[in-house]
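Coordinates as given in structure.cif (mmCIF, C-alpha atoms and all ligand atoms):
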```
data_final
#
loop_
_atom_site.label_atom_id
_atom_site.label_comp_id
_atom_site.auth_asym_id
_atom_site.auth_seq_id
_atom_site.Cartn_x
_atom_site.Cartn_y
_atom_site.Cartn_z
CA VAL A 1 7.22 20.06 -62.29
CA PRO A 2 9.04 23.27 -63.21
CA ALA A 3 11.29 23.02 -66.22
CA THR A 4 15.00 23.67 -65.87
CA PRO A 5 16.67 24.81 -69.06
CA GLY A 6 18.98 22.32 -70.73
CA HIS A 7 22.32 23.93 -70.06
CA ASP A 8 24.04 21.38 -72.24
CA HIS A 9 22.25 22.57 -75.29
CA GLY A 10 20.66 25.94 -74.84
CA THR A 11 17.58 24.62 -76.57
CA ALA A 12 15.18 23.86 -73.74
CA GLY A 13 11.76 23.03 -75.01
CA MET A 14 12.80 21.13 -78.11
CA ALA A 15 11.19 18.07 -76.60
CA GLY A 16 7.74 18.06 -78.10
CA MET A 17 8.51 20.37 -81.01
CA ALA A 18 10.61 18.06 -83.13
CA GLY A 19 9.76 18.23 -86.80
CA MET A 20 9.31 14.54 -87.36
CA ASN A 21 6.14 14.53 -89.47
CA SER A 22 3.38 13.82 -87.01
CA MET A 23 5.71 12.34 -84.42
CA SER A 24 7.10 14.09 -81.42
CA VAL A 25 9.93 12.96 -79.19
CA ALA A 26 7.39 12.50 -76.39
CA ASP A 27 5.69 9.70 -78.35
CA LEU A 28 8.92 7.78 -78.93
CA THR A 29 8.91 6.08 -75.56
CA GLY A 30 9.84 2.66 -74.28
CA PRO A 31 7.06 0.20 -73.35
CA LYS A 32 4.47 2.06 -71.27
CA THR A 33 2.97 -1.10 -69.80
CA GLY A 34 4.46 -4.31 -68.47
CA ILE A 35 6.05 -5.26 -65.18
CA PRO A 36 9.76 -4.43 -65.21
CA ASN A 37 12.26 -7.25 -64.71
CA VAL A 38 14.77 -4.75 -63.37
CA ASN A 39 13.32 -1.95 -61.27
CA VAL A 40 15.66 0.46 -59.52
CA THR A 41 15.56 3.91 -58.02
CA LEU A 42 18.66 6.02 -58.52
CA THR A 43 19.00 9.14 -56.42
CA ALA A 44 21.47 11.88 -57.33
CA ARG A 45 23.06 14.07 -54.69
CA LYS A 46 25.60 16.81 -54.52
CA GLN A 47 27.81 15.95 -51.58
CA LYS A 48 31.19 15.27 -50.09
CA PHE A 49 31.71 11.55 -50.16
CA GLN A 50 34.41 8.95 -49.72
CA LEU A 51 35.86 6.97 -52.58
CA ALA A 52 35.91 3.20 -52.05
CA SER A 53 39.62 3.61 -51.30
CA GLY A 54 38.92 6.22 -48.63
CA GLU A 55 39.79 9.63 -50.13
CA THR A 56 37.25 12.41 -49.79
CA VAL A 57 35.82 14.00 -52.93
CA ASP A 58 33.38 16.87 -53.29
CA GLY A 59 31.12 15.91 -56.17
CA TYR A 60 28.04 13.95 -57.03
CA THR A 61 26.81 10.52 -56.01
CA VAL A 62 24.16 8.07 -57.13
CA ASN A 63 22.56 6.31 -54.16
CA GLY A 64 25.35 7.67 -52.00
CA THR A 65 28.35 6.40 -53.95
CA SER A 66 30.28 7.12 -57.10
CA PRO A 67 30.33 5.21 -59.31
CA GLY A 68 26.65 4.58 -58.63
CA PRO A 69 25.23 1.06 -58.49
CA THR A 70 25.96 -1.22 -61.44
CA ILE A 71 22.69 -2.09 -63.13
CA ARG A 72 22.53 -5.69 -64.38
CA ALA A 73 19.94 -6.89 -66.84
CA ARG A 74 19.50 -9.71 -69.34
CA VAL A 75 18.56 -9.42 -72.99
CA GLY A 76 14.79 -9.14 -73.18
CA ASP A 77 14.39 -7.58 -69.75
CA LEU A 78 12.26 -4.50 -69.28
CA ILE A 79 14.31 -2.01 -67.28
CA GLN A 80 12.65 0.68 -65.20
CA VAL A 81 14.72 3.33 -63.50
CA THR A 82 13.16 5.98 -61.31
CA PHE A 83 15.60 8.83 -61.21
CA VAL A 84 15.35 11.22 -58.27
CA ASN A 85 17.25 14.48 -58.00
CA GLU A 86 17.76 15.19 -54.35
CA SER A 87 20.24 18.06 -54.45
CA VAL A 88 21.88 18.66 -57.85
CA LYS A 89 21.11 22.33 -58.26
CA ASP A 90 21.57 22.62 -62.04
CA GLY A 91 19.14 19.72 -62.48
CA ALA A 92 20.19 16.32 -63.80
CA THR A 93 19.16 13.47 -66.09
CA LEU A 94 20.32 9.95 -66.86
CA HIS A 95 21.56 9.09 -70.33
CA TRP A 96 22.16 5.41 -71.19
CA HIS A 97 25.43 5.77 -73.04
CA GLY A 98 25.64 3.24 -75.86
CA ILE A 99 22.18 1.72 -75.39
CA ASP A 100 20.09 2.50 -78.44
CA VAL A 101 16.95 3.27 -76.43
CA PRO A 102 13.76 4.86 -77.83
CA ASN A 103 14.34 8.57 -78.15
CA ALA A 104 12.20 9.75 -75.23
CA GLU A 105 14.26 7.55 -72.86
CA ASP A 106 17.61 9.01 -73.97
CA GLY A 107 17.93 11.39 -71.05
CA VAL A 108 19.28 14.50 -72.77
CA ALA A 109 18.26 17.71 -71.01
CA GLY A 110 16.79 20.23 -73.40
CA VAL A 111 16.35 17.65 -76.16
CA THR A 112 14.40 14.61 -75.03
CA GLN A 113 13.29 15.91 -71.62
CA ASP A 114 13.74 18.81 -69.28
CA ALA A 115 16.41 18.42 -66.63
CA VAL A 116 14.99 16.96 -63.43
CA PRO A 117 15.04 19.77 -60.87
CA VAL A 118 15.89 19.34 -57.20
CA GLY A 119 12.98 17.48 -55.64
CA GLY A 120 11.82 16.10 -58.98
CA LYS A 121 11.90 12.65 -60.51
CA HIS A 122 11.73 11.03 -63.91
CA VAL A 123 10.96 7.44 -64.86
CA TYR A 124 12.89 5.75 -67.68
CA ARG A 125 11.61 2.52 -69.22
CA PHE A 126 13.29 0.59 -71.98
CA LYS A 127 14.01 -2.95 -73.09
CA ALA A 128 17.48 -4.47 -72.90
CA GLU A 129 17.94 -5.52 -76.50
CA GLN A 130 21.70 -5.93 -77.01
CA ALA A 131 24.03 -7.70 -74.62
CA GLY A 132 27.01 -5.59 -73.74
CA THR A 133 28.82 -3.08 -71.57
CA TYR A 134 27.31 0.38 -71.19
CA TRP A 135 27.21 3.20 -68.69
CA TYR A 136 24.79 5.82 -67.52
CA HIS A 137 25.50 9.43 -66.72
CA SER A 138 23.84 12.78 -66.31
CA HIS A 139 23.38 14.70 -69.55
CA GLN A 140 22.87 18.12 -67.98
CA VAL A 141 25.92 20.36 -67.59
CA SER A 142 27.70 17.10 -68.32
CA SER A 143 31.20 18.50 -68.17
CA ASP A 144 30.63 19.21 -64.47
CA GLU A 145 28.20 16.50 -63.38
CA VAL A 146 29.86 13.51 -65.06
CA LYS A 147 33.30 14.63 -63.96
CA GLY A 148 31.99 15.05 -60.41
CA GLY A 149 30.75 11.46 -60.32
CA LEU A 150 27.15 11.36 -61.53
CA PHE A 151 27.47 8.07 -63.38
CA GLY A 152 27.47 4.27 -63.06
CA SER A 153 27.76 1.11 -65.15
CA ILE A 154 25.04 -0.89 -66.83
CA VAL A 155 25.75 -4.39 -68.05
CA ILE A 156 23.34 -6.39 -70.17
CA ALA A 157 24.46 -9.97 -69.59
CA PRO A 158 23.86 -12.59 -66.94
CA THR A 159 26.18 -12.34 -63.95
CA ALA A 160 28.98 -14.91 -64.25
CA PRO A 161 31.96 -15.72 -62.00
CA GLY A 162 34.52 -14.22 -64.37
CA ASP A 163 32.49 -11.11 -65.20
CA VAL A 164 34.36 -8.05 -63.93
CA VAL A 165 33.38 -4.42 -64.44
CA ALA A 166 36.16 -1.82 -64.37
CA ALA A 167 34.94 1.76 -64.61
CA ILE A 168 37.83 4.18 -64.82
CA HIS A 169 37.34 7.72 -63.58
CA THR A 170 39.36 10.67 -62.35
CA TYR A 171 37.95 12.62 -59.38
CA ASP A 172 39.73 15.86 -58.47
CA GLY A 173 42.95 14.48 -59.94
CA LYS A 174 42.52 11.10 -58.22
CA ARG A 175 42.56 8.34 -60.85
CA THR A 176 40.43 5.35 -59.94
CA ILE A 177 39.15 1.97 -61.04
CA ASN A 178 35.67 1.39 -59.58
CA GLY A 179 36.25 4.28 -57.21
CA ARG A 180 39.58 2.97 -55.89
CA THR A 181 42.92 4.67 -56.35
CA GLY A 182 46.11 2.60 -56.73
CA THR A 183 45.80 -1.13 -56.99
CA SER A 184 42.69 -3.09 -56.11
CA GLN A 185 41.51 -6.66 -56.48
CA ALA A 186 38.70 -8.78 -57.93
CA ASP A 187 38.41 -12.41 -56.86
CA VAL A 188 38.13 -14.77 -59.81
CA PRO A 189 39.22 -18.43 -59.54
CA PRO A 190 42.18 -19.43 -61.77
CA GLY A 191 41.13 -21.28 -64.90
CA THR A 192 37.96 -19.17 -65.21
CA THR A 193 37.42 -17.37 -68.51
CA ALA A 194 37.17 -13.79 -67.30
CA ARG A 195 35.45 -11.01 -69.18
CA VAL A 196 36.76 -7.65 -68.05
CA ARG A 197 34.40 -4.82 -69.02
CA VAL A 198 36.45 -1.65 -69.12
CA ILE A 199 34.59 1.67 -69.22
CA ASN A 200 36.37 4.98 -69.77
CA THR A 201 34.25 7.64 -68.07
CA ASP A 202 36.95 10.32 -68.30
CA ASN A 203 37.50 12.98 -70.92
CA ALA A 204 40.72 11.61 -72.43
CA ILE A 205 41.70 8.44 -74.25
CA LEU A 206 43.29 5.82 -72.01
CA ARG A 207 45.56 2.89 -72.81
CA VAL A 208 44.41 -0.25 -71.03
CA GLY A 209 45.31 -3.93 -71.19
CA LEU A 210 45.78 -7.15 -69.27
CA VAL A 211 49.30 -7.99 -68.17
CA GLY A 212 50.45 -11.45 -67.11
CA THR A 213 48.54 -13.13 -69.93
CA SER A 214 47.47 -12.67 -73.52
CA TYR A 215 43.86 -11.68 -74.05
CA LYS A 216 41.21 -11.17 -76.69
CA VAL A 217 39.26 -8.02 -77.45
CA VAL A 218 35.81 -9.63 -77.53
CA ALA A 219 33.56 -6.57 -77.67
CA VAL A 220 33.78 -2.86 -78.33
CA ASP A 221 31.08 -0.33 -77.40
CA GLY A 222 28.62 -3.10 -76.57
CA ARG A 223 29.02 -4.99 -79.85
CA ASP A 224 30.89 -8.28 -80.24
CA VAL A 225 34.10 -8.41 -82.25
CA HIS A 226 33.96 -11.28 -84.72
CA GLY A 227 36.88 -13.73 -84.70
CA PRO A 228 39.11 -12.04 -82.11
CA ALA A 229 42.70 -13.26 -81.86
CA PRO A 230 44.90 -13.27 -78.72
CA VAL A 231 47.05 -10.17 -78.28
CA THR A 232 49.44 -8.71 -75.74
CA ASP A 233 49.24 -5.16 -77.11
CA ALA A 234 47.52 -2.33 -75.27
CA TYR A 235 44.06 -1.11 -76.20
CA ALA A 236 43.43 2.61 -76.69
CA LEU A 237 40.03 3.23 -75.09
CA PRO A 238 38.34 6.49 -76.14
CA ALA A 239 36.61 8.71 -73.58
CA GLY A 240 33.10 7.30 -73.19
CA GLY A 241 34.06 4.05 -74.93
CA ARG A 242 33.96 0.51 -73.60
CA VAL A 243 36.01 -2.58 -74.35
CA ASP A 244 35.56 -6.16 -73.12
CA LEU A 245 38.80 -8.09 -72.65
CA GLU A 246 38.71 -11.86 -72.29
CA ALA A 247 41.36 -14.15 -70.82
CA VAL A 248 41.65 -17.37 -68.83
CA VAL A 249 42.82 -16.36 -65.35
CA PRO A 250 46.35 -17.76 -64.76
CA ALA A 251 47.18 -19.56 -61.47
CA GLY A 252 48.81 -16.46 -59.99
CA GLY A 253 46.21 -14.04 -61.37
CA MET A 254 46.53 -11.26 -63.93
CA ARG A 255 46.22 -7.50 -63.88
CA LEU A 256 44.18 -4.92 -65.70
CA VAL A 257 46.46 -1.91 -66.11
CA ALA A 258 44.90 1.50 -66.78
CA GLY A 259 47.42 3.96 -68.19
CA THR A 260 50.28 3.41 -65.77
CA PRO A 261 51.15 0.32 -63.69
CA ALA A 262 50.29 2.39 -60.60
CA LEU A 263 46.56 2.12 -61.44
CA SER A 264 45.54 -1.49 -61.77
CA LEU A 265 43.06 -4.18 -60.83
CA ALA A 266 44.39 -7.62 -59.89
CA ILE A 267 42.08 -10.38 -61.12
CA GLY A 268 42.70 -13.77 -59.58
CA PRO A 269 42.40 -15.91 -56.46
CA PRO A 270 41.98 -14.07 -53.14
CA GLY A 271 45.23 -12.49 -52.00
CA SER A 272 46.98 -12.99 -55.35
CA ASN A 273 49.41 -10.24 -56.25
CA PRO A 274 50.39 -10.63 -59.90
CA PRO A 275 53.13 -8.23 -61.02
CA SER A 276 52.11 -4.96 -62.58
CA ALA A 277 53.97 -3.72 -65.65
CA ASN A 278 54.01 -1.01 -68.24
CA LEU A 279 51.68 -1.60 -71.15
CA PRO A 280 53.29 -2.32 -74.52
CA THR A 281 53.58 0.69 -76.82
CA ASP A 282 51.76 -1.11 -79.64
CA THR A 283 47.98 -0.91 -79.61
CA VAL A 284 45.32 -3.16 -81.11
CA ASP A 285 44.13 -1.67 -84.41
CA LEU A 286 40.45 -2.42 -84.87
CA LEU A 287 40.72 -1.61 -88.56
CA THR A 288 42.41 -4.98 -89.07
CA TYR A 289 41.49 -6.90 -85.90
CA GLY A 290 39.18 -9.92 -86.05
CA THR A 291 37.65 -11.50 -89.12
CA PRO A 292 34.94 -10.23 -91.49
CA ALA A 293 31.26 -11.05 -90.96
CA PRO A 294 28.02 -9.69 -92.45
CA ILE A 295 26.91 -6.27 -91.20
CA GLY A 296 23.26 -6.55 -92.22
CA PHE A 297 23.05 -3.63 -94.67
CA ASP A 298 24.85 -2.35 -97.75
CA PRO A 299 26.87 0.83 -97.13
CA GLY A 300 27.32 1.04 -100.92
CA LYS A 301 23.61 1.85 -101.17
CA ALA A 302 23.76 4.93 -98.98
CA ASN A 303 21.06 7.51 -99.63
CA ARG A 304 22.55 10.13 -97.30
CA ASN A 305 26.16 11.23 -97.42
CA PHE A 306 27.33 13.68 -94.79
CA GLN A 307 30.60 15.48 -94.24
CA TYR A 308 31.43 16.09 -90.59
CA ARG A 309 34.48 18.35 -90.57
CA ILE A 310 35.87 19.11 -87.13
CA GLY A 311 37.86 22.32 -86.86
CA ARG A 312 38.65 25.19 -84.56
CA ARG A 313 38.25 28.91 -84.92
CA PRO A 314 37.85 32.06 -82.86
CA GLY A 315 34.37 33.54 -82.54
CA PHE A 316 31.86 35.18 -80.26
CA LEU A 317 29.35 33.57 -77.93
CA ASP A 318 26.94 35.94 -76.23
CA GLY A 319 29.31 38.72 -77.16
CA VAL A 320 32.30 37.03 -75.56
CA PRO A 321 35.19 36.11 -77.82
CA GLY A 322 36.56 32.59 -77.51
CA LEU A 323 38.26 29.78 -79.38
CA TRP A 324 35.59 27.30 -80.38
CA TRP A 325 35.49 23.80 -81.75
CA THR A 326 33.50 23.72 -84.96
CA ILE A 327 31.58 21.29 -87.13
CA ASN A 328 31.59 22.27 -90.79
CA GLY A 329 32.71 25.71 -89.72
CA HIS A 330 29.99 26.29 -87.11
CA LYS A 331 29.73 25.72 -83.41
CA PHE A 332 26.73 24.41 -81.53
CA PRO A 333 23.90 25.46 -81.67
CA ASP A 334 24.57 27.02 -85.09
CA VAL A 335 25.54 23.75 -86.77
CA PRO A 336 22.82 22.65 -89.21
CA MET A 337 21.38 19.32 -88.01
CA PHE A 338 22.01 16.18 -90.01
CA MET A 339 18.58 15.25 -91.39
CA VAL A 340 17.64 11.65 -92.13
CA ALA A 341 14.50 9.64 -92.80
CA GLU A 342 13.71 6.34 -91.17
CA GLY A 343 15.28 3.49 -93.14
CA ASP A 344 18.03 5.60 -94.69
CA VAL A 345 21.49 4.14 -95.08
CA VAL A 346 23.72 6.96 -93.89
CA ARG A 347 27.40 7.44 -94.67
CA MET A 348 29.35 10.02 -92.76
CA THR A 349 32.88 11.19 -93.40
CA ILE A 350 34.37 12.57 -90.21
CA SER A 351 37.55 14.54 -90.69
CA ASN A 352 39.50 16.42 -88.10
CA THR A 353 41.90 19.32 -88.63
CA SER A 354 41.29 20.93 -85.24
CA GLY A 355 44.71 20.21 -83.74
CA GLN A 356 43.41 17.72 -81.16
CA ALA A 357 41.77 14.29 -81.06
CA HIS A 358 38.03 13.97 -80.38
CA PRO A 359 36.04 10.94 -79.17
CA MET A 360 32.88 11.33 -81.24
CA HIS A 361 29.70 9.88 -79.72
CA LEU A 362 26.48 9.31 -81.66
CA HIS A 363 23.37 8.70 -79.58
CA GLY A 364 20.77 6.06 -80.40
CA HIS A 365 22.73 4.27 -83.12
CA HIS A 366 25.78 2.14 -83.71
CA ALA A 367 27.85 2.83 -86.81
CA VAL A 368 30.26 0.56 -88.62
CA VAL A 369 33.71 1.88 -89.53
CA LEU A 370 34.36 1.62 -93.28
CA SER A 371 37.77 3.25 -93.55
CA ARG A 372 40.41 5.38 -91.87
CA ASN A 373 42.50 7.82 -93.89
CA GLY A 374 41.34 6.07 -97.05
CA VAL A 375 42.38 2.60 -95.86
CA ARG A 376 39.44 0.22 -95.86
CA ALA A 377 38.57 -1.77 -92.74
CA THR A 378 39.40 -5.44 -93.28
CA GLY A 379 38.92 -6.91 -89.80
CA SER A 380 35.76 -7.75 -87.93
CA PRO A 381 32.91 -5.36 -88.51
CA TRP A 382 33.97 -2.55 -86.17
CA TRP A 383 30.80 -1.21 -84.59
CA THR A 384 31.13 1.87 -82.50
CA ASP A 385 29.18 4.51 -80.66
CA THR A 386 32.24 6.42 -79.46
CA LEU A 387 35.00 6.79 -82.05
CA GLU A 388 38.34 8.47 -81.43
CA VAL A 389 39.13 10.70 -84.40
CA GLY A 390 42.73 11.84 -84.15
CA ASN A 391 44.01 15.15 -85.46
CA LYS A 392 44.44 14.98 -89.26
CA GLU A 393 42.49 11.73 -89.41
CA THR A 394 39.48 10.95 -91.58
CA TYR A 395 37.02 8.16 -90.82
CA GLU A 396 34.23 6.97 -92.99
CA ILE A 397 31.37 5.35 -91.06
CA ALA A 398 27.92 4.04 -92.01
CA PHE A 399 24.74 3.25 -90.15
CA VAL A 400 21.07 2.59 -90.70
CA ALA A 401 18.67 5.28 -89.52
CA ASP A 402 16.43 2.88 -87.62
CA ASN A 403 15.67 4.74 -84.40
CA PRO A 404 13.49 7.81 -85.03
CA GLY A 405 13.95 10.92 -82.95
CA LEU A 406 16.27 13.77 -82.24
CA TRP A 407 19.73 12.58 -81.23
CA MET A 408 22.92 14.17 -80.01
CA ASP A 409 26.16 13.63 -81.88
CA HIS A 410 29.04 15.18 -79.97
CA CYS A 411 32.55 14.99 -78.65
CA HIS A 412 32.76 13.00 -75.40
CA ASN A 413 35.62 15.07 -74.15
CA LEU A 414 32.81 16.88 -72.38
CA PRO A 415 34.39 20.34 -72.07
CA HIS A 416 34.77 20.22 -75.87
CA ALA A 417 31.06 19.53 -76.24
CA SER A 418 30.27 22.58 -74.15
CA GLN A 419 32.72 24.53 -76.33
CA GLY A 420 30.75 23.88 -79.50
CA LEU A 421 31.61 20.35 -80.64
CA MET A 422 28.07 19.06 -80.68
CA THR A 423 25.22 18.66 -83.14
CA HIS A 424 22.03 16.69 -83.73
CA LEU A 425 20.91 13.90 -85.97
CA MET A 426 17.25 14.48 -86.70
CA TYR A 427 14.60 12.38 -88.40
CA GLU A 428 12.40 14.29 -90.82
CU1 LIG B 1 27.83 9.73 -72.86
CU2 LIG B 1 25.84 12.55 -75.11
O1 LIG B 1 26.83 11.15 -73.96
CU CU B 2 36.73 16.91 -78.48
#
```
Produce structure tokens that represent the structure in this file.
Ligand code: C2O
Ligand code: CU
Amino acid sequence: VPATPGHDHGTAGMAGMAGMNSMSVADLTGPKTGIPNVNVTLTARKQKFQLASGETVDGYTVNGTSPGPTIRARVGDLIQVTFVNESVKDGATLHWHGIDVPNAEDGVAGVTQDAVPVGGKHVYRFKAEQAGTYWYHSHQVSSDEVKGGLFGSIVIAPTAPGDVVAAIHTYDGKRTINGRTGTSQADVPPGTTARVRVINTDNAILRVGLVGTSYKVVAVDGRDVHGPAPVTDAYALPAGGRVDLEAVVPAGGMRLVAGTPALSLAIGPPGSNPPSANLPTDTVDLLTYGTPAPIGFDPGKANRNFQYRIGRRPGFLDGVPGLWWTINGHKFPDVPMFMVAEGDVVRMTISNTSGQAHPMHLHGHHAVVLSRNGVRATGSPWWTDTLEVGNKETYEIAFVADNPGLWMDHCHNLPHASQGLMTHLMYE
């Protein structure tokens, strides 16, 4: 299979040359044997296709639609996905956003594998270890391929009557929930405790919330929130992030509103038409939401402390001047990698003086938020894989380096990633 360079990273061929002692990325695979509980083939195509609501889009599909099929698995399942690239000319991969898979299954072109060329295929195998809401997307020329529709949802939880997935995406200026513009509907009997899994696959933060009821924020980025309380505020969902909202469906139904009342999903009995409404201006603040619970490690005992300063400056790339996003003064691929050893407790201080907000996504790990702008987190442990860092904000996060490999850490406003806001976490 001919190799296609990893356009996302400009570092094709890193797979196999990682400096992890005697390890290489290629050895850090999921289970090589065992019959998969979930076994699917996902085929990527470049094509004109129709959204579920009928509009025509020129972009990318997975098995003929966008979003692609929702993959459902249960904790403990072995998942096998055979990815086929039928006609995506830059090559493509699948990355399991938010699932802390073994490194070789992470699907990053130029880092953990070569992009799958037209006519090629790649098999991913990993175990579903943490219940939650995730998504998959190409990680090759992501700013084009994800935007164009090369993505889908993956939910690790048994299917239940009140379990609703709502993937929000903008195609060619058409804003959709599950590929439908305007208002759409999900049938859930009144009295059911619904869990609405909202996934922001766009490049910008989005305010979401349920109207017609109060609700609880029960999980963020595939990790449960401890001791959630009912709210009626909106929830600010970062690009790439997920939030699970829980509510008992009222007799007349309720509505998930995404940004404006014009984009919504009615959840209730067939034919119900609950009123739509503007979302409140207040948003749930995860720094204080929920109640404390153990996090399983001591961030006070950190043996790595990193500064991750996000800025912006003019510079040259291949001789062409531009305005680049920077990390500690450098843009990708000139940013020194963050080096860790397995078992390290890592603290990272992410500060942002770049003039814009950035949804920062760390692959392969979940981090706990310790503080924002010097104010300590006092709510539920706030685990995240995609953290919105506003302009002039500083977050302190901590995680355990427990998943060896070479991992991306980048802005999920994907054009920003291609404009330099990207680095690696690497195990020595
Ligand atoms: Cu959702 Cu590096 O990506
Ligand atoms: Cu950004």
How close does chain A get to ligand LIG 1 (chain B)? List, as CSV, each residue of chain A within 9 Å, its nearest atom pair and the distance in Å to one decimal, counting only C-alpha atoms and all ligand atoms.
```
residue,atom,partner,partner_atom,distance
A:His95,CA,B:LIG1,O1,6.7
A:Trp96,CA,B:LIG1,CU1,7.3
A:His97,CA,B:LIG1,CU1,4.6
A:Gly98,CA,B:LIG1,CU1,7.5
A:Gly107,CA,B:LIG1,CU2,9.0
A:Val108,CA,B:LIG1,CU2,7.2
A:Trp135,CA,B:LIG1,CU1,7.8
A:Tyr136,CA,B:LIG1,CU1,7.3
A:His137,CA,B:LIG1,CU1,6.6
A:Ser138,CA,B:LIG1,CU1,8.3
A:His139,CA,B:LIG1,CU2,6.4
A:Ser142,CA,B:LIG1,O1,8.2
A:Val146,CA,B:LIG1,CU1,8.9
A:Thr201,CA,B:LIG1,CU1,8.3
A:Ala239,CA,B:LIG1,CU1,8.9
A:Gly240,CA,B:LIG1,CU1,5.8
A:Gly241,CA,B:LIG1,CU1,8.7
A:His361,CA,B:LIG1,O1,6.6
A:Leu362,CA,B:LIG1,CU2,7.3
A:His363,CA,B:LIG1,CU2,6.4
A:Thr386,CA,B:LIG1,CU1,8.6
A:Trp407,CA,B:LIG1,CU2,8.6
A:Met408,CA,B:LIG1,CU2,5.9
A:Asp409,CA,B:LIG1,CU2,6.9
A:His410,CA,B:LIG1,CU2,6.4
A:Cys411,CA,B:LIG1,CU2,8.0
A:His412,CA,B:LIG1,O1,6.4
A:Leu414,CA,B:LIG1,O1,8.4
A:Ala417,CA,B:LIG1,CU2,8.8
A:Met422,CA,B:LIG1,CU2,8.9
```
Could you save those same residues with C-alpha atoms as a PDB file, in the coordinates of the input?
```pdb
ATOM      1  CA  HIS A  95      21.560   9.090 -70.330  1.00  0.00           C
ATOM      2  CA  TRP A  96      22.160   5.410 -71.190  1.00  0.00           C
ATOM      3  CA  HIS A  97      25.430   5.770 -73.040  1.00  0.00           C
ATOM      4  CA  GLY A  98      25.640   3.240 -75.860  1.00  0.00           C
ATOM      5  CA  GLY A 107      17.930  11.390 -71.050  1.00  0.00           C
ATOM      6  CA  VAL A 108      19.280  14.500 -72.770  1.00  0.00           C
ATOM      7  CA  TRP A 135      27.210   3.200 -68.690  1.00  0.00           C
ATOM      8  CA  TYR A 136      24.790   5.820 -67.520  1.00  0.00           C
ATOM      9  CA  HIS A 137      25.500   9.430 -66.720  1.00  0.00           C
ATOM     10  CA  SER A 138      23.840  12.780 -66.310  1.00  0.00           C
ATOM     11  CA  HIS A 139      23.380  14.700 -69.550  1.00  0.00           C
ATOM     12  CA  SER A 142      27.700  17.100 -68.320  1.00  0.00           C
ATOM     13  CA  VAL A 146      29.860  13.510 -65.060  1.00  0.00           C
ATOM     14  CA  THR A 201      34.250   7.640 -68.070  1.00  0.00           C
ATOM     15  CA  ALA A 239      36.610   8.710 -73.580  1.00  0.00           C
ATOM     16  CA  GLY A 240      33.100   7.300 -73.190  1.00  0.00           C
ATOM     17  CA  GLY A 241      34.060   4.050 -74.930  1.00  0.00           C
ATOM     18  CA  HIS A 361      29.700   9.880 -79.720  1.00  0.00           C
ATOM     19  CA  LEU A 362      26.480   9.310 -81.660  1.00  0.00           C
ATOM     20  CA  HIS A 363      23.370   8.700 -79.580  1.00  0.00           C
ATOM     21  CA  THR A 386      32.240   6.420 -79.460  1.00  0.00           C
ATOM     22  CA  TRP A 407      19.730  12.580 -81.230  1.00  0.00           C
ATOM     23  CA  MET A 408      22.920  14.170 -80.010  1.00  0.00           C
ATOM     24  CA  ASP A 409      26.160  13.630 -81.880  1.00  0.00           C
ATOM     25  CA  HIS A 410      29.040  15.180 -79.970  1.00  0.00           C
ATOM     26  CA  CYS A 411      32.550  14.990 -78.650  1.00  0.00           C
ATOM     27  CA  HIS A 412      32.760  13.000 -75.400  1.00  0.00           C
ATOM     28  CA  LEU A 414      32.810  16.880 -72.380  1.00  0.00           C
ATOM     29  CA  ALA A 417      31.060  19.530 -76.240  1.00  0.00           C
ATOM     30  CA  MET A 422      28.070  19.060 -80.680  1.00  0.00           C
TER      31      MET A 422
END
```
Proximity of region 255-300 of chain A to region 210-228 of chain A: per-residue shortest pair, 7 Å limit, only C-alpha atoms, as a tab-separated table:
```
residue	atom	partner	partner_atom	distance
A:Arg255	CA	A:Val211	CA	5.3
A:Leu256	CA	A:Leu210	CA	4.5
A:Val257	CA	A:Leu210	CA	6.2
A:Ser276	CA	A:Val211	CA	7.0
A:Ala277	CA	A:Val211	CA	6.8
A:Tyr289	CA	A:Pro228	CA	6.8
A:Gly290	CA	A:Pro228	CA	4.5
A:Thr291	CA	A:Gly227	CA	5.0
A:Pro292	CA	A:His226	CA	6.9
A:Ala293	CA	A:His226	CA	6.8
```
**Q.** d(CA of Ile327 (chain A), CA of Thr349 (chain A)) in Å
**A.**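 So the answer is 12.0 Å.
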Would you tabulate, counting only C-alpha atoms and all ligand atoms, all residues of chain A that have an atom at most 8 Å from an atom of ligand CU 2 (chain B), showing the closest pair of atoms and their distance in Å to one decimal, sorted by chain then ascending number, as a tab-separated table?
```
residue	atom	partner	partner_atom	distance
A:Trp325	CA	B:CU2	CU	7.7
A:Gln356	CA	B:CU2	CU	7.2
A:Ala357	CA	B:CU2	CU	6.2
A:His358	CA	B:CU2	CU	3.7
A:Pro359	CA	B:CU2	CU	6.0
A:Met360	CA	B:CU2	CU	7.3
A:Cys411	CA	B:CU2	CU	4.6
A:His412	CA	B:CU2	CU	6.4
A:Asn413	CA	B:CU2	CU	4.8
A:Leu414	CA	B:CU2	CU	7.3
A:Pro415	CA	B:CU2	CU	7.6
A:His416	CA	B:CU2	CU	4.6
A:Ala417	CA	B:CU2	CU	6.6
A:Leu421	CA	B:CU2	CU	6.5
```
Suppose we keep C-alpha atoms; can you now write the selection as a short mmCIF file (atom, residue, chain, number, x, y, z; two decimals), keeping the file's coordinate frame?
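Contents of the output file again.cif:
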```cif
data_model
loop_
_atom_site.label_atom_id
_atom_site.label_comp_id
_atom_site.auth_asym_id
_atom_site.auth_seq_id
_atom_site.Cartn_x
_atom_site.Cartn_y
_atom_site.Cartn_z
CA TRP A 325 35.49 23.80 -81.75
CA GLN A 356 43.41 17.72 -81.16
CA ALA A 357 41.77 14.29 -81.06
CA HIS A 358 38.03 13.97 -80.38
CA PRO A 359 36.04 10.94 -79.17
CA MET A 360 32.88 11.33 -81.24
CA CYS A 411 32.55 14.99 -78.65
CA HIS A 412 32.76 13.00 -75.40
CA ASN A 413 35.62 15.07 -74.15
CA LEU A 414 32.81 16.88 -72.38
CA PRO A 415 34.39 20.34 -72.07
CA HIS A 416 34.77 20.22 -75.87
CA ALA A 417 31.06 19.53 -76.24
CA LEU A 421 31.61 20.35 -80.64
#
```
